[in-house]
>>> print(open('model-v2.cif').read())   # mmCIF, C-alpha atoms
data_structure
loop_
_atom_site.label_atom_id
_atom_site.label_comp_id
_atom_site.auth_asym_id
_atom_site.auth_seq_id
_atom_site.Cartn_x
_atom_site.Cartn_y
_atom_site.Cartn_z
CA MET A 891 9.13 -9.99 36.28
CA THR A 892 7.65 -13.45 35.79
CA ASP A 893 4.58 -12.16 33.94
CA THR A 894 6.73 -10.04 31.65
CA THR A 895 8.93 -13.00 30.86
CA ILE A 896 5.95 -15.17 30.02
CA VAL A 897 4.45 -12.57 27.69
CA SER A 898 7.73 -11.97 25.88
CA THR A 899 8.25 -15.72 25.47
CA LYS A 900 4.86 -16.22 23.90
CA SER A 901 5.04 -13.16 21.67
CA PRO A 902 6.06 -13.72 18.02
CA GLY A 903 9.43 -12.10 18.41
CA ASN A 904 11.35 -14.11 15.79
CA LEU A 905 10.97 -14.92 12.13
CA HIS A 906 10.54 -18.64 12.76
CA GLN A 907 7.49 -18.09 14.94
CA LEU A 908 6.04 -15.65 12.41
CA ALA A 909 6.57 -18.22 9.65
CA ILE A 910 4.70 -20.81 11.73
CA TYR A 911 1.78 -18.42 12.22
CA LEU A 912 1.80 -17.62 8.50
CA THR A 913 1.67 -21.26 7.39
CA ARG A 914 -1.27 -21.92 9.73
CA ASP A 915 -3.36 -19.27 7.98
CA LYS A 916 -3.78 -20.62 4.45
CA LEU A 917 -5.24 -17.42 2.97
CA ALA A 918 -2.47 -15.28 4.43
CA PHE A 919 0.13 -17.79 3.23
CA CYS A 920 -1.23 -17.68 -0.34
CA ALA A 921 -1.36 -13.88 -0.19
CA ALA A 922 2.27 -13.76 0.97
CA ILE A 923 3.35 -16.07 -1.86
CA PHE A 924 1.55 -13.91 -4.43
CA LEU A 925 3.13 -10.72 -3.09
CA PHE A 926 6.55 -12.38 -3.04
CA ILE A 927 6.16 -13.38 -6.71
CA LEU A 928 5.00 -9.84 -7.49
CA VAL A 929 8.07 -8.34 -5.81
CA VAL A 930 10.38 -10.73 -7.70
CA CYS A 931 8.73 -9.77 -10.99
CA LEU A 932 8.95 -6.14 -9.97
CA LEU A 933 12.70 -6.34 -9.35
CA PHE A 934 13.88 -8.71 -12.07
CA GLY A 935 11.03 -8.78 -14.60
CA PRO A 936 11.92 -5.60 -16.50
CA LEU A 937 15.47 -6.91 -16.97
CA LEU A 938 14.09 -10.03 -18.63
CA VAL A 939 11.37 -8.51 -20.83
CA GLY A 940 13.58 -5.60 -21.91
CA ASP A 941 11.81 -3.25 -24.29
CA MET A 942 9.09 -5.76 -25.18
CA ALA A 943 6.51 -3.72 -23.23
CA GLY A 944 6.74 -0.89 -25.76
CA LYS A 945 7.60 -2.88 -28.88
CA LEU A 946 4.91 -2.65 -31.55
CA GLY A 947 3.85 -5.75 -33.43
CA LEU A 948 1.06 -5.10 -35.90
CA ARG A 949 0.87 -8.78 -36.80
CA GLN A 950 0.03 -9.56 -33.18
CA ARG A 951 -2.73 -6.94 -32.82
CA ASN A 952 -5.41 -8.18 -30.37
CA LEU A 953 -3.72 -11.57 -30.19
CA ALA A 954 -5.81 -13.91 -28.02
CA PRO A 955 -4.28 -15.27 -24.80
CA PHE A 956 -2.82 -18.76 -24.31
CA SER A 957 -1.38 -18.79 -27.80
CA LEU A 958 2.29 -19.77 -27.79
CA ASP A 959 2.84 -19.42 -31.55
CA GLN A 960 4.52 -16.04 -31.04
CA GLY A 961 6.46 -17.07 -27.94
CA PHE A 962 5.84 -17.31 -24.21
CA ILE A 963 5.83 -13.52 -23.82
CA TYR A 964 2.44 -13.48 -25.61
CA ILE A 965 0.82 -16.07 -23.32
CA LEU A 966 -1.60 -13.43 -21.97
CA GLY A 967 -2.28 -12.02 -25.42
CA ALA A 968 -1.47 -8.65 -26.96
CA ASP A 969 -3.13 -5.25 -27.00
CA THR A 970 -4.39 -3.18 -29.92
CA LEU A 971 -0.84 -2.27 -31.00
CA GLY A 972 0.52 -5.80 -30.68
CA ARG A 973 2.41 -5.20 -27.45
CA PRO A 974 2.55 -8.28 -25.16
CA ILE A 975 0.30 -7.85 -22.14
CA LEU A 976 2.56 -9.95 -19.89
CA ALA A 977 5.51 -7.61 -20.47
CA ARG A 978 3.32 -4.56 -19.92
CA LEU A 979 1.96 -6.01 -16.68
CA ILE A 980 5.48 -6.49 -15.34
CA VAL A 981 6.69 -3.04 -16.35
CA GLY A 982 3.43 -1.37 -15.31
CA ALA A 983 3.73 -2.93 -11.84
CA GLN A 984 6.87 -0.87 -11.24
CA THR A 985 5.08 2.41 -11.88
CA THR A 986 1.88 1.45 -10.04
CA LEU A 987 3.59 0.19 -6.89
CA ALA A 988 6.22 2.95 -6.93
CA ILE A 989 3.52 5.63 -6.93
CA ALA A 990 1.58 3.85 -4.17
CA ALA A 991 4.69 3.35 -2.04
CA ALA A 992 5.80 6.97 -2.42
CA ALA A 993 2.34 8.30 -1.58
CA VAL A 994 1.94 6.05 1.47
CA CYS A 995 5.41 6.85 2.81
CA CYS A 996 4.88 10.60 2.39
CA SER A 997 1.47 10.52 4.06
CA MET A 998 2.76 8.31 6.89
CA PHE A 999 5.81 10.44 7.76
CA VAL A 1000 4.23 13.86 7.25
CA GLY A 1001 0.87 12.90 8.73
CA GLY A 1002 2.54 11.01 11.58
CA ALA A 1003 4.76 13.98 12.45
CA LEU A 1004 1.79 16.36 12.41
CA GLY A 1005 -0.20 13.93 14.54
CA LEU A 1006 2.62 13.72 17.08
CA VAL A 1007 2.72 17.49 17.39
CA ALA A 1008 -1.07 17.80 17.55
CA GLY A 1009 -1.30 15.15 20.28
CA TYR A 1010 1.53 16.34 22.49
CA SER A 1011 1.15 20.11 22.25
CA GLU A 1012 -1.89 22.09 23.38
CA ARG A 1013 -0.96 25.28 21.53
CA TRP A 1014 -2.89 26.91 18.71
CA TYR A 1015 -1.09 25.07 15.90
CA SER A 1016 -2.31 21.71 17.21
CA HIS A 1017 -5.89 22.88 16.65
CA VAL A 1018 -4.93 24.16 13.19
CA ILE A 1019 -3.58 20.71 12.29
CA LEU A 1020 -6.82 19.03 13.39
CA ARG A 1021 -8.97 21.51 11.46
CA LEU A 1022 -6.79 20.95 8.39
CA ALA A 1023 -7.37 17.20 8.67
CA ASP A 1024 -11.12 17.82 9.02
CA VAL A 1025 -11.14 19.97 5.88
CA ILE A 1026 -9.34 17.28 3.85
CA MET A 1027 -11.65 14.55 5.15
CA SER A 1028 -14.75 16.62 4.31
CA PHE A 1029 -14.00 16.22 0.58
CA PRO A 1030 -14.32 12.84 -1.16
CA SER A 1031 -10.73 11.79 -1.77
CA LEU A 1032 -11.24 10.89 -5.43
CA LEU A 1033 -13.09 14.14 -6.15
CA LEU A 1034 -10.34 16.17 -4.47
CA ALA A 1035 -7.70 14.34 -6.49
CA LEU A 1036 -9.63 14.97 -9.72
CA ILE A 1037 -9.90 18.71 -9.02
CA VAL A 1038 -6.23 19.11 -8.14
CA LEU A 1039 -4.91 17.03 -11.03
CA TYR A 1040 -7.21 18.76 -13.50
CA THR A 1041 -5.91 22.12 -12.27
CA LEU A 1042 -2.18 21.31 -11.98
CA GLY A 1043 -2.00 18.76 -14.76
CA PRO A 1044 -1.37 15.01 -14.58
CA SER A 1045 2.18 14.00 -13.72
CA MET A 1046 3.86 11.48 -11.44
CA THR A 1047 4.88 14.15 -8.91
CA ASN A 1048 1.42 15.71 -8.75
CA LEU A 1049 -0.16 12.29 -8.50
CA VAL A 1050 2.01 11.29 -5.52
CA ILE A 1051 1.36 14.61 -3.76
CA VAL A 1052 -2.40 14.41 -4.24
CA LEU A 1053 -2.65 10.80 -3.08
CA ALA A 1054 -0.46 11.57 -0.05
CA ILE A 1055 -2.59 14.55 0.94
CA THR A 1056 -5.86 12.63 0.66
CA ARG A 1057 -4.56 9.84 2.95
CA MET A 1058 -2.78 12.09 5.45
CA PRO A 1059 -5.74 12.66 7.86
CA VAL A 1060 -5.81 8.97 8.75
CA PHE A 1061 -2.25 9.11 10.06
CA ILE A 1062 -2.77 12.48 11.76
CA ARG A 1063 -5.72 11.25 13.78
CA THR A 1064 -4.15 7.89 14.59
CA ALA A 1065 -0.85 9.40 15.76
CA ARG A 1066 -2.67 12.02 17.82
CA ALA A 1067 -4.82 9.41 19.56
CA GLU A 1068 -1.73 7.34 20.42
CA VAL A 1069 0.16 10.37 21.76
CA LEU A 1070 -2.76 11.49 23.92
CA GLU A 1071 -2.54 8.15 25.72
CA LEU A 1072 1.24 7.86 25.84
CA ARG A 1073 1.94 11.34 27.19
CA GLU A 1074 0.20 10.47 30.45
CA ARG A 1075 2.52 7.55 31.22
CA MET A 1076 5.17 7.52 33.88
CA PHE A 1077 8.18 7.51 31.56
CA VAL A 1078 7.11 10.88 30.13
CA SER A 1079 6.81 12.37 33.62
CA ALA A 1080 10.21 10.92 34.51
CA ALA A 1081 11.81 12.41 31.40
CA LEU A 1082 10.28 15.81 32.16
CA SER A 1083 11.55 15.71 35.72
CA MET A 1084 15.07 14.99 34.43
CA GLY A 1085 14.97 18.09 32.25
CA ALA A 1086 14.32 16.52 28.83
CA SER A 1087 12.92 18.90 26.22
CA SER A 1088 9.52 18.37 24.63
CA ARG A 1089 11.12 17.69 21.26
CA ARG A 1090 13.33 14.97 22.73
CA ILE A 1091 10.43 13.35 24.57
CA LEU A 1092 8.23 13.45 21.50
CA PHE A 1093 10.64 12.14 18.88
CA ARG A 1094 12.95 10.03 21.06
CA HIS A 1095 10.54 8.37 23.49
CA ILE A 1096 6.99 8.62 22.11
CA ALA A 1097 7.51 8.36 18.35
CA PRO A 1098 9.09 4.85 18.44
CA LEU A 1099 6.01 3.57 20.27
CA VAL A 1100 3.64 5.14 17.73
CA LEU A 1101 5.57 4.00 14.65
CA PRO A 1102 4.41 0.30 14.66
CA THR A 1103 0.77 1.42 14.58
CA LEU A 1104 1.46 3.80 11.71
CA VAL A 1105 3.28 1.09 9.77
CA THR A 1106 0.31 -1.26 10.18
CA ILE A 1107 -2.07 1.40 8.91
CA ALA A 1108 0.30 2.13 6.01
CA ALA A 1109 0.19 -1.54 4.98
CA ILE A 1110 -3.61 -1.43 4.99
CA ASP A 1111 -3.67 1.92 3.20
CA PHE A 1112 -1.34 0.68 0.46
CA ALA A 1113 -4.19 -1.22 -1.20
CA THR A 1114 -6.46 1.84 -1.01
CA VAL A 1115 -3.84 4.02 -2.71
CA ILE A 1116 -3.39 1.45 -5.49
CA LEU A 1117 -7.13 1.53 -6.18
CA ALA A 1118 -7.16 5.35 -6.11
CA GLU A 1119 -4.22 5.57 -8.51
CA SER A 1120 -5.83 3.04 -10.84
CA SER A 1121 -9.08 5.02 -10.80
CA LEU A 1122 -7.29 8.25 -11.68
CA SER A 1123 -5.31 6.53 -14.45
CA PHE A 1124 -8.54 5.00 -15.76
CA LEU A 1125 -10.04 8.50 -15.97
CA GLY A 1126 -6.99 9.81 -17.85
CA LEU A 1127 -5.56 11.92 -15.01
CA GLY A 1128 -2.80 9.53 -13.99
CA ILE A 1129 0.52 8.77 -15.64
CA GLN A 1130 0.63 9.92 -19.26
CA PRO A 1131 2.08 8.01 -22.24
CA PRO A 1132 4.64 6.65 -22.91
CA ASN A 1133 4.59 5.67 -19.22
CA PHE A 1134 1.68 3.56 -18.06
CA THR A 1135 0.18 1.84 -15.05
CA TRP A 1136 -2.27 -0.99 -14.54
CA GLY A 1137 -5.13 1.52 -14.40
CA ALA A 1138 -4.07 3.01 -17.74
CA MET A 1139 -3.98 -0.48 -19.25
CA VAL A 1140 -7.58 -1.08 -18.11
CA ALA A 1141 -8.56 2.27 -19.64
CA ASN A 1142 -6.94 1.31 -22.95
CA GLY A 1143 -8.92 -1.91 -23.11
CA ARG A 1144 -12.35 -0.61 -22.08
CA GLY A 1145 -13.32 0.03 -25.71
CA TYR A 1146 -12.55 -3.55 -26.70
CA LEU A 1147 -14.38 -5.50 -24.00
CA SER A 1148 -16.64 -7.22 -26.51
CA THR A 1149 -13.91 -8.14 -29.01
CA ALA A 1150 -10.66 -8.33 -26.99
CA TRP A 1151 -11.63 -8.69 -23.33
CA TRP A 1152 -8.16 -9.79 -22.27
CA ILE A 1153 -6.68 -6.29 -22.78
CA ALA A 1154 -8.57 -4.94 -19.76
CA PHE A 1155 -9.08 -8.22 -17.89
CA TRP A 1156 -5.47 -9.06 -16.99
CA PRO A 1157 -4.49 -5.66 -15.53
CA GLY A 1158 -7.82 -5.55 -13.70
CA LEU A 1159 -7.13 -9.00 -12.27
CA ALA A 1160 -3.65 -7.87 -11.21
CA ILE A 1161 -5.16 -4.90 -9.33
CA LEU A 1162 -7.75 -7.17 -7.69
CA LEU A 1163 -5.26 -9.82 -6.55
CA THR A 1164 -2.73 -7.28 -5.29
CA THR A 1165 -5.20 -5.30 -3.20
CA LEU A 1166 -6.87 -8.48 -1.93
CA SER A 1167 -3.52 -9.99 -0.91
CA LEU A 1168 -2.49 -6.81 0.87
CA ASN A 1169 -5.75 -6.70 2.82
CA ILE A 1170 -5.53 -10.38 3.78
CA LEU A 1171 -1.91 -10.04 4.91
CA ALA A 1172 -2.68 -6.86 6.87
CA SER A 1173 -5.56 -8.65 8.62
CA TRP A 1174 -3.21 -11.51 9.50
CA ALA A 1175 -0.65 -9.04 10.86
CA ARG A 1176 -3.28 -7.44 13.08
CA THR A 1177 -4.20 -10.88 14.43
CA VAL A 1178 -0.56 -11.73 15.18
CA ALA A 1179 0.08 -8.38 16.85
CA ASP A 1180 -3.00 -8.63 19.10
CA PRO A 1181 -2.41 -11.05 22.02
CA SER A 1182 -6.16 -11.43 22.53
CA GLN A 1183 -6.59 -12.70 18.94
CA ARG A 1184 -3.33 -14.60 18.48
CA TRP A 1185 -4.82 -17.76 19.95
CA ARG A 1186 -6.71 -18.25 16.67
CA LEU A 1187 -3.41 -18.94 14.92
CA GLN A 1188 -1.93 -20.87 17.82
CA SER A 1189 -4.91 -23.25 17.87
CA LEU A 1190 -4.72 -24.01 14.13
CA ARG A 1191 -2.91 -27.34 14.24
CA LYS A 1192 -2.75 -29.95 11.57
CA ALA A 1193 -5.39 -32.57 12.12
CA PRO A 1194 -3.92 -35.98 12.98
CA ARG A 1195 -4.14 -38.61 10.27
#
>>> encode(input="model-v2.cif", output="structure tokens")
Amino acid sequence: MTDTTIVSTKSPGNLHQLAIYLTRDKLAFCAAIFLFILVVCLLFGPLLVGDMAGKLGLRQRNLAPFSLDQGFIYILGADTLGRPILARLIVGAQTTLAIAAAAVCCSMFVGGALGLVAGYSERWYSHVILRLADVIMSFPSLLLALIVLYTLGPSMTNLVIVLAITRMPVFIRTARAEVLELRERMFVSAALSMGASSRRILFRHIAPLVLPTLVTIAAIDFATVILAESSLSFLGLGIQPPNFTWGAMVANGRGYLSTAWWIAFWPGLAILLTTLSLNILASWARTVADPSQRWRLQSLRKAPR
């Protein structure tokens, strides 16, 4: 009982302790601030910019950045149709992150459920699930997405489904590996001896223990899905006009790199900073969650003056 109490006392079980760990890691702290600003812009930005993202302004065609003559909304310049890039970045973030979030959530819940079944059961369908994951992983994810979207046609629904399917094997294999270890523990044997059904044991007792691992992987995978969606949009198989994403904005500016570099630069920088911040914050979360690595954050004290 004493050892358990000591471990639970030292574990980061409250928001204050997590905030302390976050401020000690400067990179993770900067990444968290950037993501917080991104979420604020995502929620309230479209209400402020209104319809400026789609408003044409032929007098502002290829307007250079950092020019405040036309107003603050044009601080990042304008594209080939005179639309302010800042407004399009804010509105495009909604579509980009909504697609990534939907794809990651679908792959996590569907892949996690299949992994739970494949790990707990030894029947024929567990082997079918594993072979299905092997088949999906045998194809390059981007190539598989290109084939499916070219066949079915580009749309938001098809894009989410394709991205979810390509990322599903990661969750299937992770959930299965966790279940294979958890099903041998004493609480499972105790539940079986008390007459609990396999479904109750799997989804009531084992699934809550597997979920934190799946959520951590989903946070890491979020950046990968953003890059995949941007690549598909860059190739013209993503969201179609009048809707747009950051990848589509980069594609629109690739023909003007020598004359109007800012059209493709700012959405490309947004993709870079978002994925980098997500990876840094996910790495910090892994360090906090691992007791053998948490000492790195606990030992980061401010140097005395």
>>> atom_distance(input="model-v2.cif", atom1="atom CA of Gly1128 of chain A", atom2="atom CA of Leu1004 of chain A")
27.7 Å
>>> closest_residue(input="model-v2.cif", among="A:Leu905, A:Phe934, A:Arg1176, A:Pro1157", to="Leu966 of chain A", atoms="all atoms listed in the file")
A:Pro1157
>>> residues_near_point(input="model-v2.cif", point="(-1.0, 8.9, 0.2)", cutoff="10 Å", atoms="only C-alpha atoms", output="ChimeraX atom specification")
/A:989-998,1001,1049-1061,1108,1111-1112,1114-1116,1118-1119
>>> write_last_selection(input="model-v2.cif", atoms="C-alpha atoms", output="PDB file, in the coordinates of the input")
ATOM      1  CA  ILE A 989       3.520   5.630  -6.930  1.00  0.00           C
ATOM      2  CA  ALA A 990       1.580   3.850  -4.170  1.00  0.00           C
ATOM      3  CA  ALA A 991       4.690   3.350  -2.040  1.00  0.00           C
ATOM      4  CA  ALA A 992       5.800   6.970  -2.420  1.00  0.00           C
ATOM      5  CA  ALA A 993       2.340   8.300  -1.580  1.00  0.00           C
ATOM      6  CA  VAL A 994       1.940   6.050   1.470  1.00  0.00           C
ATOM      7  CA  CYS A 995       5.410   6.850   2.810  1.00  0.00           C
ATOM      8  CA  CYS A 996       4.880  10.600   2.390  1.00  0.00           C
ATOM      9  CA  SER A 997       1.470  10.520   4.060  1.00  0.00           C
ATOM     10  CA  MET A 998       2.760   8.310   6.890  1.00  0.00           C
ATOM     11  CA  GLY A1001       0.870  12.900   8.730  1.00  0.00           C
ATOM     12  CA  LEU A1049      -0.160  12.290  -8.500  1.00  0.00           C
ATOM     13  CA  VAL A1050       2.010  11.290  -5.520  1.00  0.00           C
ATOM     14  CA  ILE A1051       1.360  14.610  -3.760  1.00  0.00           C
ATOM     15  CA  VAL A1052      -2.400  14.410  -4.240  1.00  0.00           C
ATOM     16  CA  LEU A1053      -2.650  10.800  -3.080  1.00  0.00           C
ATOM     17  CA  ALA A1054      -0.460  11.570  -0.050  1.00  0.00           C
ATOM     18  CA  ILE A1055      -2.590  14.550   0.940  1.00  0.00           C
ATOM     19  CA  THR A1056      -5.860  12.630   0.660  1.00  0.00           C
ATOM     20  CA  ARG A1057      -4.560   9.840   2.950  1.00  0.00           C
ATOM     21  CA  MET A1058      -2.780  12.090   5.450  1.00  0.00           C
ATOM     22  CA  PRO A1059      -5.740  12.660   7.860  1.00  0.00           C
ATOM     23  CA  VAL A1060      -5.810   8.970   8.750  1.00  0.00           C
ATOM     24  CA  PHE A1061      -2.250   9.110  10.060  1.00  0.00           C
ATOM     25  CA  ALA A1108       0.300   2.130   6.010  1.00  0.00           C
ATOM     26  CA  ASP A1111      -3.670   1.920   3.200  1.00  0.00           C
ATOM     27  CA  PHE A1112      -1.340   0.680   0.460  1.00  0.00           C
ATOM     28  CA  THR A1114      -6.460   1.840  -1.010  1.00  0.00           C
ATOM     29  CA  VAL A1115      -3.840   4.020  -2.710  1.00  0.00           C
ATOM     30  CA  ILE A1116      -3.390   1.450  -5.490  1.00  0.00           C
ATOM     31  CA  ALA A1118      -7.160   5.350  -6.110  1.00  0.00           C
ATOM     32  CA  GLU A1119      -4.220   5.570  -8.510  1.00  0.00           C
TER      33      GLU A1119
END
>>> atom_distance(input="model-v2.cif", atom1="atom CA of Ile1096 of chain A", atom2="atom CA of Thr1064 of chain A")
13.5 Å
>>> atom_distance(input="model-v2.cif", atom1="atom CA of Val1140 of chain A", atom2="atom CA of Ser1123 of chain A")
8.7 Å
>>> resolve_selection(input="model-v2.cif", expression="the PyMOL selection byres ((chain A and resi 912-926) around 6)", output="PDB file with C-alpha atoms, in the frame of the given file")
ATOM      1  CA  ALA A 909       6.570 -18.220   9.650  1.00  0.00           C
ATOM      2  CA  ILE A 910       4.700 -20.810  11.730  1.00  0.00           C
ATOM      3  CA  TYR A 911       1.780 -18.420  12.220  1.00  0.00           C
ATOM      4  CA  ILE A 927       6.160 -13.380  -6.710  1.00  0.00           C
ATOM      5  CA  LEU A 928       5.000  -9.840  -7.490  1.00  0.00           C
ATOM      6  CA  VAL A 929       8.070  -8.340  -5.810  1.00  0.00           C
ATOM      7  CA  SER A1167      -3.520  -9.990  -0.910  1.00  0.00           C
ATOM      8  CA  ILE A1170      -5.530 -10.380   3.780  1.00  0.00           C
ATOM      9  CA  LEU A1171      -1.910 -10.040   4.910  1.00  0.00           C
ATOM     10  CA  LEU A1190      -4.720 -24.010  14.130  1.00  0.00           C
TER      11      LEU A1190
END
>>> residues_around(input="model-v2.cif", residues="Asn1142 of chain A", least_positions_apart="3", cutoff="9 Å", atoms="all atoms listed in the file", output="number ranges by chain")
A: 969-970, 1124, 1137-1139, 1145-1146, 1153-1154
>>> decode(input="model-v2.cif", residues="segment 1053-1123 of chain A", atoms="C-alpha atoms", output="PDB file, in the first residue's frame")
ATOM      1  CA  LEU A1053      -7.499   8.451 -44.636  1.00  0.00           C
ATOM      2  CA  ALA A1054      -9.182   6.480 -41.833  1.00  0.00           C
ATOM      3  CA  ILE A1055      -8.661   3.171 -43.633  1.00  0.00           C
ATOM      4  CA  THR A1056      -4.990   3.844 -44.334  1.00  0.00           C
ATOM      5  CA  ARG A1057      -4.291   4.623 -40.641  1.00  0.00           C
ATOM      6  CA  MET A1058      -6.454   1.853 -39.180  1.00  0.00           C
ATOM      7  CA  PRO A1059      -3.780  -0.925 -39.079  1.00  0.00           C
ATOM      8  CA  VAL A1060      -1.732   1.050 -36.558  1.00  0.00           C
ATOM      9  CA  PHE A1061      -4.588   1.022 -34.060  1.00  0.00           C
ATOM     10  CA  ILE A1062      -5.501  -2.601 -34.792  1.00  0.00           C
ATOM     11  CA  ARG A1063      -2.009  -3.857 -34.046  1.00  0.00           C
ATOM     12  CA  THR A1064      -1.537  -1.629 -31.004  1.00  0.00           C
ATOM     13  CA  ALA A1065      -4.867  -2.594 -29.430  1.00  0.00           C
ATOM     14  CA  ARG A1066      -4.246  -6.273 -30.123  1.00  0.00           C
ATOM     15  CA  ALA A1067      -0.806  -6.164 -28.493  1.00  0.00           C
ATOM     16  CA  GLU A1068      -2.249  -4.474 -25.399  1.00  0.00           C
ATOM     17  CA  VAL A1069      -5.109  -6.984 -25.121  1.00  0.00           C
ATOM     18  CA  LEU A1070      -2.781  -9.974 -25.456  1.00  0.00           C
ATOM     19  CA  GLU A1071      -0.985  -8.776 -22.335  1.00  0.00           C
ATOM     20  CA  LEU A1072      -4.040  -7.654 -20.370  1.00  0.00           C
ATOM     21  CA  ARG A1073      -6.099 -10.798 -20.872  1.00  0.00           C
ATOM     22  CA  GLU A1074      -3.595 -12.816 -18.847  1.00  0.00           C
ATOM     23  CA  ARG A1075      -3.979 -10.669 -15.729  1.00  0.00           C
ATOM     24  CA  MET A1076      -5.727 -11.711 -12.572  1.00  0.00           C
ATOM     25  CA  PHE A1077      -8.707  -9.365 -12.873  1.00  0.00           C
ATOM     26  CA  VAL A1078      -9.726 -11.058 -16.135  1.00  0.00           C
ATOM     27  CA  SER A1079      -9.571 -14.500 -14.509  1.00  0.00           C
ATOM     28  CA  ALA A1080     -11.578 -13.183 -11.566  1.00  0.00           C
ATOM     29  CA  ALA A1081     -14.243 -11.738 -13.862  1.00  0.00           C
ATOM     30  CA  LEU A1082     -14.480 -15.021 -15.761  1.00  0.00           C
ATOM     31  CA  SER A1083     -14.859 -16.986 -12.544  1.00  0.00           C
ATOM     32  CA  MET A1084     -17.727 -14.695 -11.503  1.00  0.00           C
ATOM     33  CA  GLY A1085     -19.578 -15.439 -14.726  1.00  0.00           C
ATOM     34  CA  ALA A1086     -18.879 -12.253 -16.692  1.00  0.00           C
ATOM     35  CA  SER A1087     -19.340 -12.551 -20.450  1.00  0.00           C
ATOM     36  CA  SER A1088     -16.485 -12.026 -22.885  1.00  0.00           C
ATOM     37  CA  ARG A1089     -18.125  -8.883 -24.251  1.00  0.00           C
ATOM     38  CA  ARG A1090     -18.390  -7.377 -20.767  1.00  0.00           C
ATOM     39  CA  ILE A1091     -14.790  -8.228 -19.924  1.00  0.00           C
ATOM     40  CA  LEU A1092     -13.538  -6.838 -23.212  1.00  0.00           C
ATOM     41  CA  PHE A1093     -15.411  -3.546 -23.336  1.00  0.00           C
ATOM     42  CA  ARG A1094     -15.932  -2.911 -19.607  1.00  0.00           C
ATOM     43  CA  HIS A1095     -12.618  -3.994 -18.091  1.00  0.00           C
ATOM     44  CA  ILE A1096      -9.977  -4.190 -20.841  1.00  0.00           C
ATOM     45  CA  ALA A1097     -10.987  -1.383 -23.201  1.00  0.00           C
ATOM     46  CA  PRO A1098     -10.581   1.435 -20.606  1.00  0.00           C
ATOM     47  CA  LEU A1099      -6.987   0.304 -20.023  1.00  0.00           C
ATOM     48  CA  VAL A1100      -6.217   0.271 -23.756  1.00  0.00           C
ATOM     49  CA  LEU A1101      -7.861   3.617 -24.519  1.00  0.00           C
ATOM     50  CA  PRO A1102      -5.049   5.895 -23.142  1.00  0.00           C
ATOM     51  CA  THR A1103      -2.521   4.203 -25.438  1.00  0.00           C
ATOM     52  CA  LEU A1104      -4.814   4.624 -28.431  1.00  0.00           C
ATOM     53  CA  VAL A1105      -5.381   8.289 -27.612  1.00  0.00           C
ATOM     54  CA  THR A1106      -1.616   8.879 -27.451  1.00  0.00           C
ATOM     55  CA  ILE A1107      -1.144   7.234 -30.836  1.00  0.00           C
ATOM     56  CA  ALA A1108      -4.048   9.273 -32.235  1.00  0.00           C
ATOM     57  CA  ALA A1109      -2.331  12.490 -31.137  1.00  0.00           C
ATOM     58  CA  ILE A1110       0.844  11.411 -32.918  1.00  0.00           C
ATOM     59  CA  ASP A1111      -1.094  10.232 -35.976  1.00  0.00           C
ATOM     60  CA  PHE A1112      -2.955  13.532 -36.257  1.00  0.00           C
ATOM     61  CA  ALA A1113       0.094  15.212 -37.788  1.00  0.00           C
ATOM     62  CA  THR A1114       0.550  12.348 -40.263  1.00  0.00           C
ATOM     63  CA  VAL A1115      -3.067  12.643 -41.420  1.00  0.00           C
ATOM     64  CA  ILE A1116      -2.691  16.406 -41.909  1.00  0.00           C
ATOM     65  CA  LEU A1117       0.316  15.816 -44.161  1.00  0.00           C
ATOM     66  CA  ALA A1118      -1.533  13.084 -46.084  1.00  0.00           C
ATOM     67  CA  GLU A1119      -4.579  15.301 -46.604  1.00  0.00           C
ATOM     68  CA  SER A1120      -2.385  18.192 -47.718  1.00  0.00           C
ATOM     69  CA  SER A1121      -0.596  15.928 -50.196  1.00  0.00           C
ATOM     70  CA  LEU A1122      -3.875  14.719 -51.685  1.00  0.00           C
ATOM     71  CA  SER A1123      -5.216  18.279 -51.904  1.00  0.00           C
TER      72      SER A1123
END
